[in-house]
file final-v7.cif (mmCIF, C-alpha atoms)
data_my_file
#
loop_
_atom_site.label_atom_id
_atom_site.label_comp_id
_atom_site.auth_asym_id
_atom_site.auth_seq_id
_atom_site.Cartn_x
_atom_site.Cartn_y
_atom_site.Cartn_z
CA MET A 1 17.75 0.62 -21.23
CA THR A 2 20.37 2.71 -19.49
CA LYS A 3 20.02 6.37 -20.13
CA LEU A 4 22.96 8.18 -21.59
CA ASN A 5 24.09 10.71 -19.02
CA LEU A 6 25.45 13.72 -20.86
CA ALA A 7 26.24 15.84 -17.83
CA PRO A 8 29.97 14.95 -17.67
CA PHE A 9 30.34 15.69 -21.38
CA VAL A 10 28.55 19.02 -21.09
CA LEU A 11 30.68 20.00 -18.11
CA GLY A 12 33.82 18.91 -19.93
CA ALA A 13 32.90 20.87 -23.04
CA ALA A 14 32.09 23.94 -20.91
CA LEU A 15 35.45 23.77 -19.13
CA LEU A 16 37.29 23.26 -22.39
CA SER A 17 35.61 26.20 -24.10
CA ALA A 18 36.18 28.33 -21.00
CA ALA A 19 39.88 27.46 -21.19
CA VAL A 20 40.06 28.30 -24.89
CA LEU A 21 38.13 31.56 -24.49
CA GLY A 22 40.19 32.44 -21.42
CA VAL A 23 43.43 32.10 -23.34
CA GLN A 24 42.05 34.20 -26.19
CA SER A 25 40.81 37.04 -24.01
CA ALA A 26 44.12 37.08 -22.15
CA GLN A 27 45.80 37.82 -25.47
CA ALA A 28 43.78 40.71 -26.76
CA HIS A 29 40.59 42.07 -28.10
CA HIS A 30 41.39 40.50 -31.45
CA ALA A 31 44.26 38.27 -32.50
CA PHE A 32 47.23 39.99 -34.09
CA ALA A 33 47.44 37.27 -36.74
CA ALA A 34 43.84 37.82 -37.84
CA GLU A 35 44.59 41.27 -39.24
CA PHE A 36 48.33 41.88 -39.32
CA ASP A 37 51.25 40.16 -41.01
CA ALA A 38 54.19 39.40 -38.73
CA LYS A 39 56.33 38.87 -41.85
CA SER A 40 55.69 42.41 -43.13
CA PRO A 41 57.50 44.76 -40.76
CA VAL A 42 57.28 48.45 -41.68
CA LEU A 43 59.34 51.44 -40.60
CA LEU A 44 57.35 54.64 -40.96
CA ARG A 45 58.88 58.09 -40.59
CA GLY A 46 56.64 61.12 -40.78
CA LYS A 47 54.55 63.80 -39.12
CA VAL A 48 51.49 62.99 -37.07
CA ASN A 49 48.26 63.94 -38.87
CA LYS A 50 45.90 63.17 -36.05
CA VAL A 51 45.41 60.65 -33.30
CA GLU A 52 42.16 58.89 -32.56
CA TRP A 53 42.15 58.41 -28.78
CA ILE A 54 39.54 55.69 -28.77
CA ASN A 55 38.85 52.28 -27.28
CA PRO A 56 39.66 49.47 -27.70
CA HIS A 57 42.60 50.66 -29.85
CA ALA A 58 43.97 54.13 -30.41
CA TRP A 59 45.01 55.00 -34.00
CA VAL A 60 47.91 57.24 -34.95
CA HIS A 61 47.58 58.74 -38.44
CA LEU A 62 50.70 59.91 -40.25
CA MET A 63 51.98 60.55 -43.77
CA ALA A 64 54.88 58.24 -44.50
CA ALA A 65 56.59 56.26 -47.21
CA GLY A 66 55.66 52.60 -47.20
CA PRO A 67 57.70 49.59 -48.31
CA ASP A 68 57.11 50.61 -51.95
CA GLY A 69 58.57 54.07 -51.32
CA GLN A 70 55.29 55.82 -52.02
CA VAL A 71 54.16 58.41 -49.47
CA ARG A 72 50.63 57.70 -48.26
CA GLU A 73 48.49 58.10 -45.19
CA TRP A 74 49.07 55.35 -42.64
CA MET A 75 46.98 54.54 -39.60
CA VAL A 76 48.87 52.66 -36.91
CA GLU A 77 47.11 50.69 -34.20
CA GLY A 78 48.18 51.12 -30.60
CA GLY A 79 46.81 49.87 -27.30
CA THR A 80 43.90 51.45 -25.42
CA PRO A 81 44.23 55.12 -24.42
CA ASN A 82 44.86 53.79 -20.92
CA THR A 83 47.71 51.50 -22.07
CA LEU A 84 49.30 54.34 -24.03
CA LEU A 85 49.04 56.73 -21.11
CA ARG A 86 50.78 54.23 -18.86
CA SER A 87 53.57 53.73 -21.37
CA GLY A 88 54.03 57.48 -21.68
CA ILE A 89 52.00 58.62 -24.69
CA ASP A 90 49.17 61.12 -24.40
CA ARG A 91 47.48 63.95 -26.30
CA ASN A 92 50.41 66.29 -25.55
CA THR A 93 53.24 64.01 -26.65
CA LEU A 94 51.56 63.04 -29.91
CA LYS A 95 50.29 66.40 -31.14
CA PRO A 96 49.63 66.80 -34.87
CA GLY A 97 52.87 67.83 -36.58
CA THR A 98 55.11 65.82 -34.26
CA GLU A 99 57.80 63.98 -36.21
CA ILE A 100 57.84 60.31 -35.25
CA ILE A 101 59.31 57.02 -36.35
CA VAL A 102 57.02 54.04 -35.95
CA ARG A 103 58.00 50.40 -36.15
CA GLY A 104 55.16 48.04 -36.82
CA TYR A 105 53.59 45.40 -39.02
CA GLN A 106 51.40 45.99 -42.05
CA SER A 107 47.85 44.69 -42.34
CA LYS A 108 47.53 41.32 -44.04
CA ASP A 109 45.46 42.68 -46.94
CA LYS A 110 48.11 45.37 -47.67
CA ALA A 111 45.26 47.14 -49.40
CA CYS A 112 46.04 50.73 -48.39
CA ALA A 113 42.35 51.38 -48.86
CA PRO A 114 41.07 53.76 -47.68
CA VAL A 115 44.47 54.24 -45.97
CA CYS A 116 47.41 51.94 -45.21
CA LYS A 117 47.09 50.12 -41.92
CA ALA A 118 49.64 48.74 -39.51
CA ASN A 119 49.96 47.44 -35.99
CA GLY A 120 52.38 49.60 -34.02
CA ARG A 121 55.16 48.03 -32.00
CA ASP A 122 56.96 51.17 -30.82
CA VAL A 123 57.22 54.85 -31.59
CA ALA A 124 60.34 57.04 -31.39
CA PHE A 125 60.10 60.79 -30.74
CA PRO A 126 62.42 63.59 -31.97
CA ASP A 127 64.13 63.72 -28.55
CA GLY A 128 65.14 60.07 -28.97
CA ARG A 129 62.58 58.73 -26.52
CA LYS A 130 61.15 55.38 -27.61
CA VAL A 131 57.86 54.09 -26.30
CA PHE A 132 55.96 50.85 -26.84
CA MET A 133 52.52 51.21 -28.33
CA GLY A 134 50.86 48.38 -26.46
CA SER A 135 51.13 45.82 -29.19
CA SER A 136 53.09 43.35 -27.08
CA GLY A 137 50.98 40.45 -26.01
CA THR A 138 48.76 40.75 -29.05
CA GLY A 139 50.72 38.08 -30.88
CA ALA A 140 53.15 40.43 -32.57
CA PRO A 141 56.54 38.76 -33.05
CA LYS A 142 58.77 38.95 -30.00
CA ASP A 143 62.21 40.33 -30.79
CA GLY A 144 63.32 40.90 -27.21
CA ALA A 145 63.06 44.67 -27.57
CA ASP A 146 60.14 44.93 -25.19
CA PRO A 147 61.06 44.13 -21.56
CA ASN A 148 57.37 43.56 -20.86
CA ASP A 149 57.09 40.79 -23.45
CA LYS A 150 55.87 37.66 -21.75
CA MET B 1 16.33 58.65 -40.70
CA ILE B 2 17.91 56.19 -38.22
CA ARG B 3 21.33 57.18 -39.47
CA GLN B 4 20.65 60.88 -38.94
CA PHE B 5 19.62 60.19 -35.36
CA LEU B 6 22.81 58.17 -34.80
CA VAL B 7 24.95 60.98 -36.27
CA TRP B 8 23.38 63.35 -33.75
CA LEU B 9 23.84 60.78 -30.97
CA GLN B 10 27.50 60.27 -31.81
CA ASP B 11 28.63 63.77 -32.72
CA GLN B 12 26.25 66.29 -31.17
CA LEU B 13 24.58 65.13 -27.95
CA GLY B 14 26.33 66.62 -24.93
CA LYS B 15 28.83 68.62 -26.96
CA GLY B 16 30.00 71.83 -25.32
CA ALA B 17 31.49 74.97 -26.88
CA GLY B 18 35.09 75.23 -28.06
CA ASP B 19 37.37 73.68 -30.65
CA THR B 20 38.23 70.57 -28.71
CA ALA B 21 34.75 69.94 -27.27
CA GLN B 22 33.58 66.35 -27.56
CA SER B 23 30.14 64.81 -27.42
CA TRP B 24 29.29 62.42 -24.58
CA SER B 25 29.57 59.53 -27.00
CA GLN B 26 33.09 60.56 -28.01
CA ASP B 27 34.02 61.08 -24.34
CA LEU B 28 32.88 57.55 -23.55
CA LEU B 29 34.78 56.05 -26.48
CA GLY B 30 37.95 57.85 -25.49
CA SER B 31 37.64 57.27 -21.75
CA LEU B 32 40.62 55.87 -19.88
CA ASN B 33 38.76 53.35 -17.74
CA PHE B 34 35.01 53.56 -18.20
CA TRP B 35 34.74 51.98 -21.67
CA GLY B 36 36.87 49.02 -20.64
CA LEU B 37 34.81 48.57 -17.49
CA ILE B 38 31.61 48.50 -19.54
CA GLU B 39 33.04 46.07 -22.09
CA GLY B 40 34.34 43.77 -19.34
CA THR B 41 30.97 43.83 -17.60
CA HIS B 42 29.22 43.11 -20.90
CA LEU B 43 31.32 39.97 -21.42
CA LEU B 44 31.04 38.77 -17.81
CA SER B 45 27.27 39.21 -17.73
CA LEU B 46 27.13 37.45 -21.10
CA MET B 47 28.81 34.46 -19.48
CA LEU B 48 26.31 34.50 -16.61
CA PHE B 49 23.44 34.72 -19.07
CA ALA B 50 24.62 32.15 -21.60
CA GLY B 51 25.98 29.78 -18.98
CA THR B 52 22.68 29.60 -17.13
CA ILE B 53 20.41 29.50 -20.17
CA LEU B 54 22.54 26.57 -21.39
CA PHE B 55 21.41 24.51 -18.40
CA VAL B 56 17.74 25.43 -18.81
CA ASP B 57 17.86 24.55 -22.51
CA LEU B 58 19.72 21.28 -21.91
CA ARG B 59 17.10 20.33 -19.30
CA LEU B 60 14.33 21.11 -21.80
CA LEU B 61 16.17 18.97 -24.36
CA GLY B 62 16.28 16.14 -21.81
CA PHE B 63 20.07 16.00 -21.69
CA THR B 64 20.78 17.01 -18.10
CA LEU B 65 19.10 17.20 -14.67
CA GLN B 66 16.56 14.68 -15.91
CA ARG B 67 15.18 13.84 -12.46
CA THR B 68 14.53 17.49 -11.59
CA PRO B 69 11.21 18.95 -12.80
CA VAL B 70 11.62 21.72 -15.38
CA SER B 71 9.74 24.15 -13.13
CA VAL B 72 12.31 23.62 -10.36
CA VAL B 73 15.22 24.17 -12.74
CA SER B 74 13.60 27.35 -14.08
CA ARG B 75 12.81 28.67 -10.62
CA ARG B 76 16.36 28.19 -9.44
CA ILE B 77 18.27 29.23 -12.56
CA LEU B 78 16.18 31.74 -14.54
CA PRO B 79 16.60 34.60 -12.02
CA LEU B 80 20.34 34.40 -12.68
CA THR B 81 19.70 34.33 -16.43
CA LEU B 82 17.49 37.41 -16.16
CA ALA B 83 20.08 39.27 -14.08
CA GLY B 84 22.74 38.47 -16.67
CA PHE B 85 20.43 39.55 -19.49
CA GLY B 86 19.60 42.86 -17.79
CA LEU B 87 23.25 43.75 -17.26
CA MET B 88 24.06 42.63 -20.80
CA VAL B 89 21.41 44.89 -22.33
CA VAL B 90 22.42 47.94 -20.27
CA THR B 91 26.14 47.55 -20.99
CA GLY B 92 25.43 46.61 -24.61
CA LEU B 93 23.43 49.81 -25.15
CA ALA B 94 26.29 51.81 -23.60
CA LEU B 95 28.82 50.16 -25.94
CA PHE B 96 26.57 50.93 -28.90
CA TYR B 97 26.24 54.54 -27.73
CA ALA B 98 30.04 54.88 -27.79
CA LYS B 99 30.24 54.05 -31.51
CA PRO B 100 26.73 54.07 -33.01
CA LEU B 101 27.67 54.72 -36.65
CA PHE B 102 30.33 52.00 -36.66
CA TYR B 103 27.83 49.40 -35.46
CA TYR B 104 25.09 50.70 -37.76
CA HIS B 105 27.31 50.01 -40.80
CA ASN B 106 28.68 46.72 -39.44
CA ILE B 107 27.52 43.45 -41.02
CA TRP B 108 28.23 41.41 -37.87
CA PHE B 109 26.19 43.80 -35.75
CA ARG B 110 23.28 43.63 -38.18
CA ALA B 111 23.41 39.83 -38.16
CA LYS B 112 23.60 39.89 -34.37
CA LEU B 113 20.44 41.99 -34.12
CA LEU B 114 18.70 39.59 -36.50
CA PHE B 115 19.55 36.52 -34.41
CA LEU B 116 18.72 38.45 -31.24
CA ALA B 117 15.26 39.09 -32.68
CA LEU B 118 14.90 35.38 -33.52
CA ALA B 119 15.92 34.41 -29.99
CA LEU B 120 13.35 36.78 -28.50
CA ILE B 121 10.60 35.57 -30.86
CA ASN B 122 11.53 32.05 -29.80
CA ILE B 123 10.94 32.98 -26.15
CA VAL B 124 7.50 34.37 -27.00
CA ILE B 125 6.59 31.21 -28.93
CA PHE B 126 7.79 29.09 -26.01
CA HIS B 127 5.52 30.94 -23.63
CA LEU B 128 2.55 30.82 -25.98
CA ARG B 129 2.90 27.15 -26.96
CA ALA B 130 5.08 24.95 -24.76
CA HIS B 131 4.67 26.78 -21.47
CA ARG B 132 0.84 26.49 -21.52
CA ASN B 133 0.72 22.73 -20.93
CA GLN B 134 3.92 22.54 -18.89
CA ASP B 135 2.16 20.63 -16.09
CA ALA B 136 1.79 17.72 -18.49
CA TRP B 137 5.54 17.39 -19.20
CA ASP B 138 7.13 19.19 -16.24
CA LYS B 139 8.46 15.97 -14.66
CA MET B 140 9.29 14.14 -17.90
CA PRO B 141 13.02 13.35 -18.26
CA ARG B 142 12.58 14.07 -21.96
CA PRO B 143 9.97 16.75 -22.73
CA PRO B 144 7.82 16.49 -25.90
CA THR B 145 9.38 17.11 -29.31
CA ALA B 146 7.82 20.56 -29.76
CA THR B 147 9.40 21.74 -26.51
CA ARG B 148 12.74 20.21 -27.40
CA VAL B 149 12.78 21.89 -30.81
CA LEU B 150 12.18 25.29 -29.19
CA ALA B 151 15.00 24.62 -26.70
CA ALA B 152 17.35 23.68 -29.54
CA LEU B 153 16.39 26.84 -31.45
CA SER B 154 17.04 28.90 -28.33
CA LEU B 155 20.53 27.41 -27.92
CA LEU B 156 21.31 27.89 -31.60
CA SER B 157 20.13 31.49 -31.80
CA TRP B 158 22.00 32.59 -28.65
CA LEU B 159 25.12 30.86 -29.88
CA LEU B 160 24.84 32.80 -33.15
CA VAL B 161 24.21 36.08 -31.31
CA ILE B 162 27.41 35.56 -29.31
CA THR B 163 29.43 34.50 -32.35
CA MET B 164 28.33 37.53 -34.39
CA GLY B 165 29.17 39.75 -31.41
CA ARG B 166 32.66 38.25 -31.26
CA PHE B 167 33.30 38.94 -34.93
CA MET B 168 32.43 42.64 -34.51
CA ALA B 169 35.99 43.03 -33.16
CA TYR B 170 37.47 42.32 -36.58
CA SER B 171 37.72 44.94 -39.30
CA TRP B 172 37.79 42.71 -42.39
CA PHE B 173 34.54 44.15 -43.76
CA ASP B 174 34.74 47.76 -42.60
CA CYS B 175 33.13 50.27 -44.94
CA GLY B 176 35.70 52.00 -47.13
CA LYS B 177 37.78 48.86 -47.57
CA PRO B 178 37.54 46.92 -50.83
CA ILE B 179 34.87 44.39 -49.87
CA PRO B 180 32.38 42.26 -51.83
CA HIS B 181 29.52 44.22 -53.37
CA TRP B 182 26.82 42.43 -51.40
CA VAL B 183 28.53 43.31 -48.10
CA ASN B 184 28.58 46.96 -49.15
CA VAL B 185 24.86 46.70 -49.82
CA VAL B 186 24.03 44.91 -46.54
CA GLN B 187 26.05 47.43 -44.52
CA GLU B 188 24.72 50.43 -46.48
CA CYS B 189 28.33 51.60 -46.89
CA GLN B 190 27.31 54.07 -49.59
CA ALA B 191 25.66 56.19 -46.90
CA SER B 192 28.56 55.86 -44.46
CA GLU B 193 31.30 58.48 -44.05
CA HIS B 194 33.81 55.99 -45.52
CA GLY B 195 31.80 55.24 -48.65
CA ALA B 196 31.51 51.94 -50.51
CA VAL B 197 34.43 50.36 -52.38
CA ASP B 198 33.72 47.19 -54.32
CA ALA B 199 36.53 44.63 -54.26
CA ALA B 200 35.71 43.71 -57.86
CA ASP B 201 36.27 47.30 -59.04
CA ILE B 202 39.65 47.47 -57.28
CA ALA B 203 40.70 44.14 -58.78
CA ALA B 204 39.67 45.40 -62.23
CA ILE B 205 42.10 48.33 -62.05
CA GLY B 206 45.00 46.13 -61.00
CA GLY B 207 44.56 45.54 -57.29
CA LYS B 208 45.84 48.90 -56.10
CA ALA B 209 43.60 51.47 -54.53
CA PRO B 210 43.58 54.91 -56.19
#
call {"tool": "encode", "arguments": {"input": "final-v7.cif", "output": "structure tokens"}}
result
Amino acid sequence: MTKLNLAPFVLGAALLSAAVLGVQSAQAHHAFAAEFDAKSPVLLRGKVNKVEWINPHAWVHLMAAGPDGQVREWMVEGGTPNTLLRSGIDRNTLKPGTEIIVRGYQSKDKACAPVCKANGRDVAFPDGRKVFMGSSGTGAPKDGADPNDK
Amino acid sequence: MIRQFLVWLQDQLGKGAGDTAQSWSQDLLGSLNFWGLIEGTHLLSLMLFAGTILFVDLRLLGFTLQRTPVSVVSRRILPLTLAGFGLMVVTGLALFYAKPLFYYHNIWFRAKLLFLALALINIVIFHLRAHRNQDAWDKMPRPPTATRVLAALSLLSWLLVITMGRFMAYSWFDCGKPIPHWVNVVQECQASEHGAVDAADIAAIGGKAP
């Protein structure tokens, strides 16, 4: 009886899973599509409540009117504190009370519980400066606005 | 009791004076480079650990390296596995320290700890049962059934540990969101700072949160 040699299969499976995992980790910590809806863009205008400068995603909290016109608290996901710093956002530019306009995509559940949630694409400041929030590369729709979109 | 300790760990330990003072845990979570370095190391050492234990388990199952005695495979590979495990535990504890309350109330983390415990119990059983008479089956291409079952359980439990760890990145079941009642119970959301919201209650009042 010839023995079935599984080594090539095991090696093949290992390489395949490495390729799949590699692609995933190159995208992001979690897939955009798992939590956010690319077909639900939101435009939020309001004052910053607070910012959570935490890994792996910073969160900007603001009071703003959602798609239904109702003013609620929104938390908008950005990149890591490091990503934000490199794109020009830090504790001093996003102080509580700063008026901002955020473009992003609402969470798939649209639950607004405990607060509304969105993935941030970019944020515009009162002086007209517009900065990307590190969402590019996470699977957010590419509209050509971000020169770093790959 | 555990929760109170974690609150202290997260919010108090290492906190200086002043309005903007942060605890060490909060400093770590908000760090520009250190947290990412730890997370990256955790994942890389996980690959070293899981990749090498895969070969030991497949040898025990009789699938690969059949002409090499198990003792030789273990001697060559297990030091790498142990190194990976050590790094994984150290970096894992550091990641937990950065966000203890989040993980405490996280269903994936709780499941991960459960499977981790099973995997460790499995190692103890292996050493108590299969390892004792290893001389008898060391050179066998296909070790006895009892040994193979333990190897399969080892593979399965580590695979589950890794899968649960992966799902911790997703916020579908975070406390405070409308989630199934049993998830609220398993995560002890009631005690968390976000509270427990049952999906059924939200659906009953028309799907919109208050």
call {"tool": "residues_around", "arguments": {"input": "final-v7.cif", "residues": "Gly62 of chain B", "least_positions_apart": "5", "cutoff": "9 Å", "atoms": "all atoms listed in the file", "output": "ChimeraX atom specification"}}
result
/B:57,140-143,148
call {"tool": "closest_residue", "arguments": {"input": "final-v7.cif", "among": "A:Val71, A:Val42, A:Leu84, A:Cys112", "to": "chain B", "atoms": "only C-alpha atoms"}}
result
A:Cys112
call {"tool": "residues_near_point", "arguments": {"input": "final-v7.cif", "point": "(46.2, 49.3, -43.8)", "cutoff": "10 Å", "atoms": "only C-alpha atoms", "output": "list in words"}}
result
Glu35, Phe36, Glu73, Trp74, Met75, Val76, Glu77, Tyr105, Gln106, Ser107, Lys108, Asp109, Lys110, Ala111, Cys112, Ala113, Pro114, Val115, Cys116, Lys117, Ala118 and Asn119 of chain A; Lys177 of chain B
call {"tool": "closest_atom_pairs", "arguments": {"input": "final-v7.cif", "of": "chain B", "to": "chain A", "cutoff": "6 Å", "atoms": "all atoms listed in the file", "output": "JSON lines"}}
result
{"residue": "B:Leu29", "atom": "CA", "partner": "A:Ile54", "partner_atom": "CA", "distance": 5.3}
{"residue": "B:Gly30", "atom": "CA", "partner": "A:Ile54", "partner_atom": "CA", "distance": 4.2}
{"residue": "B:Leu32", "atom": "CA", "partner": "A:Asn82", "partner_atom": "CA", "distance": 4.8}
{"residue": "B:Phe63", "atom": "CA", "partner": "A:Leu6", "partner_atom": "CA", "distance": 5.9}
{"residue": "B:Thr64", "atom": "CA", "partner": "A:Ala7", "partner_atom": "CA", "distance": 5.6}
{"residue": "B:Gly176", "atom": "CA", "partner": "A:Pro114", "partner_atom": "CA", "distance": 5.7}
{"residue": "B:Lys177", "atom": "CA", "partner": "A:Ala113", "partner_atom": "CA", "distance": 5.4}
{"residue": "B:Ala209", "atom": "CA", "partner": "A:Ala113", "partner_atom": "CA", "distance": 5.8}
call {"tool": "atom_distance", "arguments": {"input": "final-v7.cif", "atom1": "atom CA of Val183 of chain B", "atom2": "atom CA of Ile162 of chain B"}}
result
20.4 Å
call {"tool": "resolve_selection", "arguments": {"input": "final-v7.cif", "expression": "the PyMOL selection byres ((chain B and resi 105-116) around 8)", "output": "PyMOL selection string"}}
result
chain B and resi 101-104+117-120+157-158+160-162+164-165+167-168+173-175+183+186-189+192
call {"tool": "closest_residue", "arguments": {"input": "final-v7.cif", "among": "B:Ser71, B:Asn184, B:Ser171, B:Asn122", "to": "Leu150 of chain B", "atoms": "only C-alpha atoms"}}
result
B:Asn122
call {"tool": "decode", "arguments": {"input": "final-v7.cif", "residues": "segment 90-113 of chain A", "atoms": "C-alpha atoms", "output": "PDB file, in the first residue's frame"}}
result
ATOM      1  CA  ASP A  90      -3.433  66.084  16.684  1.00  0.00           C
ATOM      2  CA  ARG A  91      -4.772  67.027  20.121  1.00  0.00           C
ATOM      3  CA  ASN A  92      -4.342  70.745  19.347  1.00  0.00           C
ATOM      4  CA  THR A  93      -6.102  70.810  15.978  1.00  0.00           C
ATOM      5  CA  LEU A  94      -9.099  68.821  17.193  1.00  0.00           C
ATOM      6  CA  LYS A  95      -9.804  70.468  20.539  1.00  0.00           C
ATOM      7  CA  PRO A  96     -13.312  70.156  21.984  1.00  0.00           C
ATOM      8  CA  GLY A  97     -15.467  72.959  20.577  1.00  0.00           C
ATOM      9  CA  THR A  98     -13.746  73.021  17.185  1.00  0.00           C
ATOM     10  CA  GLU A  99     -16.273  73.288  14.370  1.00  0.00           C
ATOM     11  CA  ILE A 100     -15.654  70.584  11.782  1.00  0.00           C
ATOM     12  CA  ILE A 101     -17.261  69.002   8.765  1.00  0.00           C
ATOM     13  CA  VAL A 102     -16.722  65.280   8.448  1.00  0.00           C
ATOM     14  CA  ARG A 103     -17.398  63.163   5.398  1.00  0.00           C
ATOM     15  CA  GLY A 104     -17.768  59.486   6.084  1.00  0.00           C
ATOM     16  CA  TYR A 105     -19.877  56.349   5.941  1.00  0.00           C
ATOM     17  CA  GLN A 106     -22.417  55.226   8.500  1.00  0.00           C
ATOM     18  CA  SER A 107     -22.202  51.905  10.327  1.00  0.00           C
ATOM     19  CA  LYS A 108     -24.095  49.063   8.698  1.00  0.00           C
ATOM     20  CA  ASP A 109     -26.470  48.601  11.639  1.00  0.00           C
ATOM     21  CA  LYS A 110     -27.413  52.327  11.569  1.00  0.00           C
ATOM     22  CA  ALA A 111     -28.473  51.716  15.145  1.00  0.00           C
ATOM     23  CA  CYS A 112     -27.314  54.987  16.713  1.00  0.00           C
ATOM     24  CA  ALA A 113     -27.081  53.041  19.940  1.00  0.00           C
TER      25      ALA A 113
END
